[in-house]
$ cat entry24.cif   # mmCIF, C-alpha atoms
data_my_file
loop_
_atom_site.group_PDB
_atom_site.id
_atom_site.type_symbol
_atom_site.label_atom_id
_atom_site.label_comp_id
_atom_site.auth_asym_id
_atom_site.auth_seq_id
_atom_site.Cartn_x
_atom_site.Cartn_y
_atom_site.Cartn_z
ATOM 1 C CA MET A 395 -34.825 45.793 0.871
ATOM 2 C CA THR A 396 -34.419 42.376 2.510
ATOM 3 C CA ARG A 397 -37.276 40.034 1.650
ATOM 4 C CA LEU A 398 -38.390 37.491 4.216
ATOM 5 C CA VAL A 399 -41.181 35.017 4.756
ATOM 6 C CA ILE A 400 -42.579 34.879 8.286
ATOM 7 C CA ALA A 401 -44.330 31.665 9.323
ATOM 8 C CA ILE A 402 -46.412 32.040 12.483
ATOM 9 C CA GLY A 403 -47.852 29.044 14.322
ATOM 10 C CA GLY A 404 -51.579 28.498 14.685
ATOM 11 C CA ASN A 405 -51.220 28.714 18.471
ATOM 12 C CA ALA A 406 -49.844 32.254 18.063
ATOM 13 C CA ILE A 407 -53.254 33.330 16.773
ATOM 14 C CA LEU A 408 -55.514 31.194 18.951
ATOM 15 C CA ASN A 409 -55.006 29.721 22.396
ATOM 16 C CA PRO A 410 -56.759 26.317 22.133
ATOM 17 C CA SER A 411 -57.584 26.323 25.857
ATOM 18 C CA LYS A 412 -59.534 29.609 25.525
ATOM 19 C CA GLY A 413 -60.539 29.823 21.898
ATOM 20 C CA SER A 414 -63.059 32.674 21.985
ATOM 21 C CA PRO A 415 -63.302 35.059 19.018
ATOM 22 C CA ALA A 416 -62.280 37.936 21.314
ATOM 23 C CA GLU A 417 -59.190 36.031 22.485
ATOM 24 C CA GLN A 418 -58.286 35.166 18.895
ATOM 25 C CA LYS A 419 -58.566 38.828 17.851
ATOM 26 C CA ARG A 420 -56.401 39.919 20.790
ATOM 27 C CA MET A 421 -53.663 37.443 19.888
ATOM 28 C CA ILE A 422 -53.806 38.367 16.201
ATOM 29 C CA ASP A 423 -53.457 42.051 17.090
ATOM 30 C CA GLU A 424 -50.378 41.270 19.206
ATOM 31 C CA THR A 425 -48.917 39.209 16.358
ATOM 32 C CA CYS A 426 -49.532 41.951 13.815
ATOM 33 C CA ARG A 427 -47.908 44.596 16.029
ATOM 34 C CA GLU A 428 -44.698 42.550 15.892
ATOM 35 C CA ILE A 429 -44.978 42.116 12.125
ATOM 36 C CA ALA A 430 -45.642 45.857 11.660
ATOM 37 C CA GLN A 431 -42.444 46.597 13.595
ATOM 38 C CA ILE A 432 -40.503 44.363 11.199
ATOM 39 C CA ILE A 433 -42.011 46.152 8.184
ATOM 40 C CA GLN A 434 -41.161 49.498 9.820
ATOM 41 C CA LYS A 435 -37.521 48.427 9.905
ATOM 42 C CA GLY A 436 -37.532 48.138 6.117
ATOM 43 C CA TYR A 437 -38.085 44.414 5.564
ATOM 44 C CA ASP A 438 -40.230 43.237 2.651
ATOM 45 C CA VAL A 439 -42.534 40.776 4.420
ATOM 46 C CA VAL A 440 -44.606 37.878 3.130
ATOM 47 C CA LEU A 441 -46.682 36.158 5.791
ATOM 48 C CA THR A 442 -47.876 32.580 6.178
ATOM 49 C CA HIS A 443 -49.553 30.972 9.170
ATOM 50 C CA GLY A 444 -50.702 27.786 10.819
ATOM 51 C CA ASN A 445 -54.333 26.800 11.331
ATOM 52 C CA GLY A 446 -54.210 23.795 13.675
ATOM 53 C CA PRO A 447 -56.500 25.062 16.475
ATOM 54 C CA GLN A 448 -58.977 26.490 13.958
ATOM 55 C CA VAL A 449 -59.158 23.240 11.966
ATOM 56 C CA GLY A 450 -59.596 21.372 15.255
ATOM 57 C CA ASN A 451 -62.528 23.594 16.194
ATOM 58 C CA LEU A 452 -64.271 23.081 12.838
ATOM 59 C CA LEU A 453 -63.788 19.317 13.016
ATOM 60 C CA ALA A 454 -65.246 19.283 16.529
ATOM 61 C CA MET A 455 -68.261 21.309 15.389
ATOM 62 C CA GLN A 456 -68.905 18.831 12.575
ATOM 63 C CA GLU A 457 -68.603 15.858 14.917
ATOM 64 C CA GLU A 458 -70.984 17.389 17.459
ATOM 65 C CA CYS A 459 -73.598 18.369 14.858
ATOM 66 C CA GLY A 460 -74.530 15.113 13.175
ATOM 67 C CA SER A 461 -77.359 16.694 11.171
ATOM 68 C CA VAL A 462 -74.916 18.806 9.104
ATOM 69 C CA MET A 463 -72.982 17.224 6.242
ATOM 70 C CA ALA A 464 -69.259 17.106 7.130
ATOM 71 C CA GLN A 465 -66.849 18.957 4.846
ATOM 72 C CA PRO A 466 -63.576 17.354 3.629
ATOM 73 C CA LEU A 467 -60.210 18.549 4.931
ATOM 74 C CA ASP A 468 -59.286 20.525 1.830
ATOM 75 C CA VAL A 469 -62.493 22.562 2.175
ATOM 76 C CA ILE A 470 -61.870 23.075 5.902
ATOM 77 C CA GLY A 471 -58.367 24.233 5.012
ATOM 78 C CA ALA A 472 -59.844 26.758 2.587
ATOM 79 C CA GLN A 473 -62.321 27.944 5.232
ATOM 80 C CA THR A 474 -59.579 28.595 7.767
ATOM 81 C CA GLN A 475 -57.365 30.273 5.155
ATOM 82 C CA GLY A 476 -60.153 32.717 4.390
ATOM 83 C CA MET A 477 -61.102 33.305 8.023
ATOM 84 C CA LEU A 478 -57.572 33.813 9.316
ATOM 85 C CA GLY A 479 -56.533 35.707 6.200
ATOM 86 C CA TYR A 480 -59.349 38.191 6.806
ATOM 87 C CA LEU A 481 -58.466 38.657 10.480
ATOM 88 C CA LEU A 482 -54.709 38.973 9.880
ATOM 89 C CA GLN A 483 -55.199 41.235 6.865
ATOM 90 C CA GLN A 484 -57.470 43.625 8.739
ATOM 91 C CA SER A 485 -55.323 43.697 11.872
ATOM 92 C CA LEU A 486 -52.039 44.190 10.013
ATOM 93 C CA ASP A 487 -53.610 46.907 7.853
ATOM 94 C CA ASN A 488 -54.683 48.704 11.043
ATOM 95 C CA ARG A 489 -51.262 48.355 12.676
ATOM 96 C CA LEU A 490 -49.569 49.748 9.547
ATOM 97 C CA ARG A 491 -52.023 52.655 9.432
ATOM 98 C CA GLU A 492 -51.198 53.437 13.070
ATOM 99 C CA SER A 493 -47.504 53.487 12.121
ATOM 100 C CA GLY A 494 -48.073 55.764 9.133
ATOM 101 C CA ILE A 495 -47.068 53.074 6.633
ATOM 102 C CA LYS A 496 -49.054 53.023 3.382
ATOM 103 C CA ARG A 497 -48.930 49.409 2.219
ATOM 104 C CA GLN A 498 -51.783 47.294 0.891
ATOM 105 C CA VAL A 499 -52.253 43.980 2.716
ATOM 106 C CA VAL A 500 -53.795 41.156 0.682
ATOM 107 C CA THR A 501 -54.637 37.503 1.284
ATOM 108 C CA VAL A 502 -54.263 34.941 -1.497
ATOM 109 C CA LEU A 503 -56.330 31.760 -1.211
ATOM 110 C CA THR A 504 -53.545 29.311 -2.008
ATOM 111 C CA GLN A 505 -53.588 25.782 -3.428
ATOM 112 C CA VAL A 506 -50.520 23.575 -3.051
ATOM 113 C CA VAL A 507 -49.889 20.568 -5.261
ATOM 114 C CA VAL A 508 -48.937 17.301 -3.562
ATOM 115 C CA GLU A 509 -48.004 13.967 -5.111
ATOM 116 C CA GLU A 510 -50.891 11.491 -5.300
ATOM 117 C CA ARG A 511 -48.437 8.663 -4.558
ATOM 118 C CA ASP A 512 -46.984 10.355 -1.487
ATOM 119 C CA PRO A 513 -46.497 7.582 1.150
ATOM 120 C CA SER A 514 -48.333 9.597 3.806
ATOM 121 C CA PHE A 515 -51.663 8.794 2.117
ATOM 122 C CA LYS A 516 -51.179 5.127 2.972
ATOM 123 C CA ASN A 517 -49.651 5.839 6.380
ATOM 124 C CA PRO A 518 -51.249 8.951 7.946
ATOM 125 C CA THR A 519 -49.194 10.259 10.872
ATOM 126 C CA LYS A 520 -50.039 13.950 11.370
ATOM 127 C CA PRO A 521 -52.186 14.526 14.496
ATOM 128 C CA ILE A 522 -54.840 17.250 14.153
ATOM 129 C CA GLY A 523 -57.810 18.526 16.092
ATOM 130 C CA LEU A 524 -58.901 17.864 19.647
ATOM 131 C CA TYR A 525 -57.797 15.231 22.172
ATOM 132 C CA TYR A 526 -60.519 12.719 23.027
ATOM 133 C CA PRO A 527 -60.962 10.474 26.080
ATOM 134 C CA GLU A 528 -60.423 6.740 25.578
ATOM 135 C CA PHE A 529 -64.091 5.765 25.186
ATOM 136 C CA ARG A 530 -64.642 8.405 22.500
ATOM 137 C CA GLY A 531 -61.359 7.662 20.723
ATOM 138 C CA LEU A 532 -62.100 3.932 20.530
ATOM 139 C CA LYS A 533 -65.587 4.614 19.213
ATOM 140 C CA MET A 534 -64.174 6.866 16.473
ATOM 141 C CA ILE A 535 -61.709 4.110 15.525
ATOM 142 C CA GLU A 536 -64.643 1.676 15.220
ATOM 143 C CA GLN A 537 -66.315 4.169 12.891
ATOM 144 C CA GLY A 538 -63.259 4.206 10.627
ATOM 145 C CA THR A 539 -61.387 7.296 11.833
ATOM 146 C CA LYS A 540 -57.630 6.850 12.102
ATOM 147 C CA MET A 541 -56.501 7.830 15.608
ATOM 148 C CA VAL A 542 -53.314 7.861 17.640
ATOM 149 C CA GLU A 543 -52.999 7.672 21.420
ATOM 150 C CA ASP A 544 -50.613 9.663 23.604
ATOM 151 C CA LYS A 545 -50.535 10.817 27.207
ATOM 152 C CA LYS A 546 -53.239 13.461 26.571
ATOM 153 C CA GLY A 547 -55.712 11.081 24.957
ATOM 154 C CA TYR A 548 -56.736 10.017 21.454
ATOM 155 C CA ARG A 549 -56.262 12.277 18.443
ATOM 156 C CA ARG A 550 -57.168 12.035 14.759
ATOM 157 C CA VAL A 551 -54.256 11.481 12.333
ATOM 158 C CA VAL A 552 -54.310 12.436 8.655
ATOM 159 C CA PRO A 553 -51.929 12.330 5.672
ATOM 160 C CA SER A 554 -49.306 15.094 5.550
ATOM 161 C CA PRO A 555 -47.768 14.945 2.058
ATOM 162 C CA MET A 556 -44.783 17.007 0.927
ATOM 163 C CA PRO A 557 -45.626 20.290 -0.830
ATOM 164 C CA GLU A 558 -44.465 20.230 -4.462
ATOM 165 C CA LYS A 559 -45.743 23.412 -6.105
ATOM 166 C CA ILE A 560 -47.723 26.527 -5.198
ATOM 167 C CA ILE A 561 -50.400 27.050 -7.836
ATOM 168 C CA GLU A 562 -50.739 30.807 -7.250
ATOM 169 C CA GLU A 563 -46.981 31.553 -7.038
ATOM 170 C CA GLU A 564 -46.956 33.911 -10.063
ATOM 171 C CA ILE A 565 -49.884 35.896 -8.664
ATOM 172 C CA ILE A 566 -48.065 36.161 -5.319
ATOM 173 C CA LYS A 567 -44.879 37.382 -7.059
ATOM 174 C CA ASN A 568 -46.846 40.008 -8.994
ATOM 175 C CA LEU A 569 -48.485 41.317 -5.814
ATOM 176 C CA ILE A 570 -45.091 41.554 -4.104
ATOM 177 C CA ARG A 571 -43.699 43.516 -7.067
ATOM 178 C CA GLU A 572 -46.665 45.893 -6.739
ATOM 179 C CA GLY A 573 -45.654 46.560 -3.128
ATOM 180 C CA ALA A 574 -48.341 44.547 -1.326
ATOM 181 C CA VAL A 575 -47.802 42.744 1.948
ATOM 182 C CA VAL A 576 -49.006 39.267 0.987
ATOM 183 C CA ILE A 577 -50.552 36.623 3.256
ATOM 184 C CA ALA A 578 -50.391 33.265 1.477
ATOM 185 C CA ALA A 579 -50.362 29.479 1.864
ATOM 186 C CA GLY A 580 -52.112 29.581 5.235
ATOM 187 C CA GLY A 581 -52.199 26.266 7.065
ATOM 188 C CA GLY A 582 -49.694 24.810 4.602
ATOM 189 C CA GLY A 583 -51.989 25.547 1.675
ATOM 190 C CA ILE A 584 -55.078 23.769 0.363
ATOM 191 C CA PRO A 585 -53.827 20.297 -0.681
ATOM 192 C CA VAL A 586 -54.567 19.431 -4.287
ATOM 193 C CA ILE A 587 -53.384 16.833 -6.770
ATOM 194 C CA LEU A 588 -53.097 17.072 -10.554
ATOM 195 C CA ARG A 589 -55.141 14.353 -12.207
ATOM 196 C CA ASN A 590 -55.305 14.328 -16.014
ATOM 197 C CA GLY A 591 -54.057 17.910 -15.957
ATOM 198 C CA LEU A 592 -56.861 19.118 -13.658
ATOM 199 C CA LEU A 593 -56.756 20.162 -10.002
ATOM 200 C CA GLU A 594 -58.561 18.083 -7.371
ATOM 201 C CA GLY A 595 -58.662 18.589 -3.613
ATOM 202 C CA VAL A 596 -57.527 15.780 -1.309
ATOM 203 C CA GLU A 597 -58.010 14.843 2.351
ATOM 204 C CA ALA A 598 -54.721 15.941 3.902
ATOM 205 C CA VAL A 599 -52.981 18.659 5.911
ATOM 206 C CA ILE A 600 -49.654 19.968 4.612
ATOM 207 C CA ASP A 601 -47.036 21.034 7.146
ATOM 208 C CA LYS A 602 -47.140 24.826 7.161
ATOM 209 C CA ASP A 603 -43.408 25.249 7.768
ATOM 210 C CA LEU A 604 -42.495 23.054 4.797
ATOM 211 C CA THR A 605 -44.861 25.040 2.577
ATOM 212 C CA GLY A 606 -43.462 28.248 4.072
ATOM 213 C CA SER A 607 -39.979 27.082 3.092
ATOM 214 C CA LEU A 608 -41.181 26.406 -0.467
ATOM 215 C CA LEU A 609 -42.905 29.805 -0.597
ATOM 216 C CA ALA A 610 -39.742 31.549 0.607
ATOM 217 C CA SER A 611 -37.692 29.826 -2.086
ATOM 218 C CA VAL A 612 -40.021 30.530 -5.022
ATOM 219 C CA ILE A 613 -40.343 34.262 -4.239
ATOM 220 C CA GLY A 614 -36.597 34.665 -3.729
ATOM 221 C CA ALA A 615 -36.648 35.496 -0.019
ATOM 222 C CA GLU A 616 -33.300 35.902 1.724
ATOM 223 C CA ILE A 617 -34.592 34.967 5.174
ATOM 224 C CA PHE A 618 -37.190 32.473 6.400
ATOM 225 C CA LEU A 619 -38.378 33.328 9.923
ATOM 226 C CA ILE A 620 -40.294 30.627 11.806
ATOM 227 C CA LEU A 621 -42.071 31.946 14.898
ATOM 228 C CA THR A 622 -43.072 29.421 17.544
ATOM 229 C CA ASP A 623 -43.465 29.251 21.332
ATOM 230 C CA VAL A 624 -39.771 28.944 22.302
ATOM 231 C CA GLU A 625 -36.941 31.435 21.894
ATOM 232 C CA LYS A 626 -34.459 28.889 20.512
ATOM 233 C CA ALA A 627 -34.273 25.304 19.331
ATOM 234 C CA ALA A 628 -32.368 23.139 21.789
ATOM 235 C CA LEU A 629 -30.580 19.860 22.258
ATOM 236 C CA ASN A 630 -31.928 17.635 25.051
ATOM 237 C CA TYR A 631 -34.973 19.891 25.333
ATOM 238 C CA GLY A 632 -36.587 19.898 28.778
ATOM 239 C CA LYS A 633 -33.734 17.954 30.384
ATOM 240 C CA ASP A 634 -31.141 19.064 32.906
ATOM 241 C CA ASN A 635 -28.500 19.187 30.170
ATOM 242 C CA GLN A 636 -30.587 21.244 27.727
ATOM 243 C CA ALA A 637 -28.352 23.243 25.390
ATOM 244 C CA ASP A 638 -29.893 26.081 23.385
ATOM 245 C CA LEU A 639 -28.676 26.483 19.816
ATOM 246 C CA ASP A 640 -27.522 29.830 18.424
ATOM 247 C CA GLU A 641 -26.115 29.389 14.889
ATOM 248 C CA ILE A 642 -25.722 25.998 13.236
ATOM 249 C CA THR A 643 -25.151 24.740 9.713
ATOM 250 C CA ALA A 644 -27.653 22.713 7.749
ATOM 251 C CA ALA A 645 -25.391 19.676 8.113
ATOM 252 C CA GLU A 646 -25.267 20.087 11.893
ATOM 253 C CA ALA A 647 -29.042 20.505 11.998
ATOM 254 C CA MET A 648 -29.575 17.261 10.083
ATOM 255 C CA ARG A 649 -27.210 15.432 12.411
ATOM 256 C CA TYR A 650 -29.221 16.623 15.409
ATOM 257 C CA VAL A 651 -32.448 15.511 13.672
ATOM 258 C CA GLU A 652 -30.980 12.036 13.130
ATOM 259 C CA GLU A 653 -29.922 11.917 16.787
ATOM 260 C CA GLY A 654 -33.546 12.576 17.793
ATOM 261 C CA HIS A 655 -33.093 15.907 19.560
ATOM 262 C CA PHE A 656 -36.223 17.570 18.146
ATOM 263 C CA GLY A 657 -39.861 16.655 18.750
ATOM 264 C CA LYS A 658 -41.453 14.866 15.790
ATOM 265 C CA GLY A 659 -44.620 16.951 15.797
ATOM 266 C CA SER A 660 -43.122 20.195 17.029
ATOM 267 C CA MET A 661 -39.522 21.311 16.469
ATOM 268 C CA GLU A 662 -38.357 18.689 13.965
ATOM 269 C CA PRO A 663 -40.514 19.851 11.025
ATOM 270 C CA LYS A 664 -39.397 23.432 11.666
ATOM 271 C CA VAL A 665 -35.738 22.430 11.536
ATOM 272 C CA LEU A 666 -36.306 20.353 8.390
ATOM 273 C CA ALA A 667 -38.099 23.282 6.734
ATOM 274 C CA ALA A 668 -35.242 25.604 7.695
ATOM 275 C CA VAL A 669 -32.659 23.202 6.251
ATOM 276 C CA LYS A 670 -34.650 22.846 3.026
ATOM 277 C CA PHE A 671 -34.749 26.623 2.616
ATOM 278 C CA VAL A 672 -31.011 27.250 3.037
ATOM 279 C CA LYS A 673 -30.167 24.276 0.818
ATOM 280 C CA SER A 674 -32.366 25.865 -1.861
ATOM 281 C CA GLY A 675 -30.244 29.016 -1.795
ATOM 282 C CA GLY A 676 -31.713 31.021 1.079
ATOM 283 C CA LYS A 677 -29.330 33.121 3.153
ATOM 284 C CA ALA A 678 -30.579 31.997 6.575
ATOM 285 C CA ALA A 679 -33.541 30.477 8.375
ATOM 286 C CA ILE A 680 -34.314 31.624 11.914
ATOM 287 C CA ILE A 681 -36.402 29.890 14.565
ATOM 288 C CA SER A 682 -37.563 31.965 17.542
ATOM 289 C CA SER A 683 -40.605 33.080 19.525
ATOM 290 C CA LEU A 684 -43.123 35.688 18.414
ATOM 291 C CA GLU A 685 -42.128 38.204 21.071
ATOM 292 C CA LYS A 686 -38.456 37.864 20.080
ATOM 293 C CA ALA A 687 -39.030 38.266 16.343
ATOM 294 C CA VAL A 688 -37.251 41.603 15.941
ATOM 295 C CA PRO A 689 -34.195 40.703 18.102
ATOM 296 C CA ALA A 690 -33.966 37.372 16.257
ATOM 297 C CA LEU A 691 -33.844 39.133 12.882
ATOM 298 C CA LEU A 692 -31.087 41.391 14.235
ATOM 299 C CA GLY A 693 -29.051 38.348 15.325
ATOM 300 C CA ARG A 694 -29.498 38.888 19.063
ATOM 301 C CA THR A 695 -31.413 35.716 19.802
ATOM 302 C CA GLY A 696 -33.106 32.727 18.127
ATOM 303 C CA THR A 697 -31.592 29.752 16.350
ATOM 304 C CA ARG A 698 -30.078 30.667 12.983
ATOM 305 C CA ILE A 699 -29.524 27.909 10.406
ATOM 306 C CA VAL A 700 -27.157 28.628 7.523
ATOM 307 C CA ALA A 701 -25.744 26.612 4.651
#
$ encode --input "entry24.cif" --output "structure tokens"
Amino acid sequence: MTRLVIAIGGNAILNPSKGSPAEQKRMIDETCREIAQIIQKGYDVVLTHGNGPQVGNLLAMQEECGSVMAQPLDVIGAQTQGMLGYLLQQSLDNRLRESGIKRQVVTVLTQVVVEERDPSFKNPTKPIGLYYPEFRGLKMIEQGTKMVEDKKGYRRVVPSPMPEKIIEEEIIKNLIREGAVVIAAGGGGIPVILRNGLLEGVEAVIDKDLTGSLLASVIGAEIFLILTDVEKAALNYGKDNQADLDEITAAEAMRYVEEGHFGKGSMEPKVLAAVKFVKSGGKAAIISSLEKAVPALLGRTGTRIVA
């Protein structure tokens, strides 16, 4: 049985422009139907997911409700892991039941160790949460919040350190051996540091694709499938000379990264995570859209990165 890790983006389970619980449930059900089809085809699936829109919503709630004590980012990460884990677990369990597949689905609240000296703590660059108009963004900067401006407005930026180790990796491996479909490391995992041999949460957001790559490597997955909102990665994306990519080597992928073909906050981290996985011994990493997940696994579409 081929083992694979599937990383689904936060926008695949919540449309930020709508954002209602009913809309989130509908999108999760659609996502889990695709995943159930993959399991039906005999793949041994481990699932991870993004949490960007959900973290953004919680941050906005805290900012709008000044009488409630704000929670740190590691706690918000844990909240969204639990919330989305519950919704994905229930939906996938239902889709498997409908297909006559008897597999237990389980969510593991996952901590991921990062390095306390990671340079991102001194130079936060990862945008999260909502876009704010200029007057609000400038006020937040005055209050000490680090913000970045782009064409949509002002947005909070936070550290995004590299994932080093998954604390619960042995538990995850044991559950896989028992036949469970595991959901783990949601949102890139809860960021923690080791200080004097003890775990301590930190204010950061780990890139979910990089953690997904690490997860795929430690459990011995053959394939790492990254599902996003485009069918293939491309050179010159959005331009008249756009060229979609089918199969490329890790070396070719890194050359394209250096040439600046992939968006810093969108496609580039996915490509870097894919390269990291195949360089760690994985057979292939695939980037494609949710609705093309099955054809991508069968080699009919998507961008496949190999060693």
$ closest_residue --input "entry24.cif" --among "A:Gly675, A:Gly436, A:Gly444, A:Gly614" --to "Gly581 of chain A" --atoms "all atoms listed in the file"
A:Gly444
$ resolve_selection --input "entry24.cif" --expression "the PyMOL selection byres ((chain A and resi 586) around 10)" --output "mmCIF file with C-alpha atoms, in the frame of the given file"
data_model
loop_
_atom_site.group_PDB
_atom_site.id
_atom_site.type_symbol
_atom_site.label_atom_id
_atom_site.label_comp_id
_atom_site.auth_asym_id
_atom_site.auth_seq_id
_atom_site.Cartn_x
_atom_site.Cartn_y
_atom_site.Cartn_z
ATOM 1 C CA ASP A 468 -59.286 20.525 1.830
ATOM 2 C CA GLN A 505 -53.588 25.782 -3.428
ATOM 3 C CA VAL A 506 -50.520 23.575 -3.051
ATOM 4 C CA VAL A 507 -49.889 20.568 -5.261
ATOM 5 C CA VAL A 508 -48.937 17.301 -3.562
ATOM 6 C CA GLU A 509 -48.004 13.967 -5.111
ATOM 7 C CA GLU A 510 -50.891 11.491 -5.300
ATOM 8 C CA PRO A 557 -45.626 20.290 -0.830
ATOM 9 C CA LYS A 559 -45.743 23.412 -6.105
ATOM 10 C CA ILE A 560 -47.723 26.527 -5.198
ATOM 11 C CA ILE A 561 -50.400 27.050 -7.836
ATOM 12 C CA GLY A 583 -51.989 25.547 1.675
ATOM 13 C CA ILE A 584 -55.078 23.769 0.363
ATOM 14 C CA PRO A 585 -53.827 20.297 -0.681
ATOM 15 C CA ILE A 587 -53.384 16.833 -6.770
ATOM 16 C CA LEU A 588 -53.097 17.072 -10.554
ATOM 17 C CA ARG A 589 -55.141 14.353 -12.207
ATOM 18 C CA LEU A 592 -56.861 19.118 -13.658
ATOM 19 C CA LEU A 593 -56.756 20.162 -10.002
ATOM 20 C CA GLU A 594 -58.561 18.083 -7.371
ATOM 21 C CA GLY A 595 -58.662 18.589 -3.613
ATOM 22 C CA VAL A 596 -57.527 15.780 -1.309
ATOM 23 C CA GLU A 597 -58.010 14.843 2.351
ATOM 24 C CA ALA A 598 -54.721 15.941 3.902
#
$ residues_around --input "entry24.cif" --residues "segment 678-694 of chain A" --least-positions-apart "4" --cutoff "8 Å" --atoms "all atoms listed in the file" --output "JSON, numbers by chain"
{"A": [402, 406, 425, 428, 431, 432, 616, 617, 618, 619, 620, 621, 622, 623, 624, 625, 626, 627, 664, 668, 669, 671, 672, 698, 699, 700, 701]}
$ write_last_selection --input "entry24.cif" --atoms "C-alpha atoms" --output "JSON list (two decimals), in the frame of the given file"
[["chain", "number", "residue", "atom", "x", "y", "z"],
["A", 402, "ILE", "CA", -46.41, 32.04, 12.48],
["A", 406, "ALA", "CA", -49.84, 32.25, 18.06],
["A", 425, "THR", "CA", -48.92, 39.21, 16.36],
["A", 428, "GLU", "CA", -44.70, 42.55, 15.89],
["A", 431, "GLN", "CA", -42.44, 46.60, 13.60],
["A", 432, "ILE", "CA", -40.50, 44.36, 11.20],
["A", 616, "GLU", "CA", -33.30, 35.90, 1.72],
["A", 617, "ILE", "CA", -34.59, 34.97, 5.17],
["A", 618, "PHE", "CA", -37.19, 32.47, 6.40],
["A", 619, "LEU", "CA", -38.38, 33.33, 9.92],
["A", 620, "ILE", "CA", -40.29, 30.63, 11.81],
["A", 621, "LEU", "CA", -42.07, 31.95, 14.90],
["A", 622, "THR", "CA", -43.07, 29.42, 17.54],
["A", 623, "ASP", "CA", -43.46, 29.25, 21.33],
["A", 624, "VAL", "CA", -39.77, 28.94, 22.30],
["A", 625, "GLU", "CA", -36.94, 31.44, 21.89],
["A", 626, "LYS", "CA", -34.46, 28.89, 20.51],
["A", 627, "ALA", "CA", -34.27, 25.30, 19.33],
["A", 664, "LYS", "CA", -39.40, 23.43, 11.67],
["A", 668, "ALA", "CA", -35.24, 25.60, 7.70],
["A", 669, "VAL", "CA", -32.66, 23.20, 6.25],
["A", 671, "PHE", "CA", -34.75, 26.62, 2.62],
["A", 672, "VAL", "CA", -31.01, 27.25, 3.04],
["A", 698, "ARG", "CA", -30.08, 30.67, 12.98],
["A", 699, "ILE", "CA", -29.52, 27.91, 10.41],
["A", 700, "VAL", "CA", -27.16, 28.63, 7.52],
["A", 701, "ALA", "CA", -25.74, 26.61, 4.65]]
$ residues_around --input "entry24.cif" --residues "segment 479-496 of chain A" --least-positions-apart "6" --cutoff "8 Å" --atoms "all atoms listed in the file" --output "list in words"
Lys419, Ile422, Asp423, Cys426, Arg427, Ile429, Ala430, Gln434, Ile577 and Gly580 of chain A
$ residues_around --input "entry24.cif" --residues "Val552 of chain A" --least-positions-apart "2" --cutoff "9 Å" --atoms "all atoms listed in the file" --output "NGL selection string"
:A and (514-515 or 517-522 or 540-541 or 550 or 554 or 597-599)
$ resolve_selection --input "entry24.cif" --expression "the PyMOL selection byres ((chain A and resi 567) around 12)" --output "list in words"
Arg397, Val440, Val502, Ile560, Ile561, Glu562, Glu563, Glu564, Ile565, Ile566, Asn568, Leu569, Ile570, Arg571, Glu572, Gly573, Ala574, Val575, Val576, Ile577, Ala578, Leu609, Ala610, Ser611, Val612, Ile613, Gly614 and Ala615 of chain A
$ atom_distance --input "entry24.cif" --atom1 "atom CA of Met556 of chain A" --atom2 "atom CA of Val542 of chain A"
20.9 Å
$ atom_distance --input "entry24.cif" --atom1 "atom CA of Gly606 of chain A" --atom2 "atom CA of Gln448 of chain A"
18.5 Å
$ closest_residue --input "entry24.cif" --among "A:Leu639, A:Gln537, A:Pro555, A:Asp601" --to "Gly403 of chain A" --atoms "all atoms listed in the file"
A:Asp601
$ closest_residue --input "entry24.cif" --among "A:Pro553, A:Asn635, A:Gly446, A:Leu666" --to "Arg511 of chain A" --atoms "all atoms listed in the file"
A:Pro553
$ atom_distance --input "entry24.cif" --atom1 "atom CA of Lys516 of chain A" --atom2 "atom CA of Val551 of chain A"
11.7 Å
$ resolve_selection --input "entry24.cif" --expression "the PyMOL selection byres ((chain A and resi 475) around 8)" --output "PyMOL selection string"
chain A and resi 445+471-474+476-479+503+579-581+583
$ closest_residue --input "entry24.cif" --among "A:Gln498, A:Thr643, A:Asn405, A:Thr504" --to "Lys673 of chain A" --atoms "only C-alpha atoms"
A:Thr643
$ axis_aligned_box --input "entry24.cif" --around "segment 578-592 of chain A" --padding-each-side "4 Å" --output "lines of an AutoDock Vina configuration file"
center_x = -53.3
center_y = 23.8
center_z = -4.5
size_x = 15.2
size_y = 26.9
size_z = 31.1
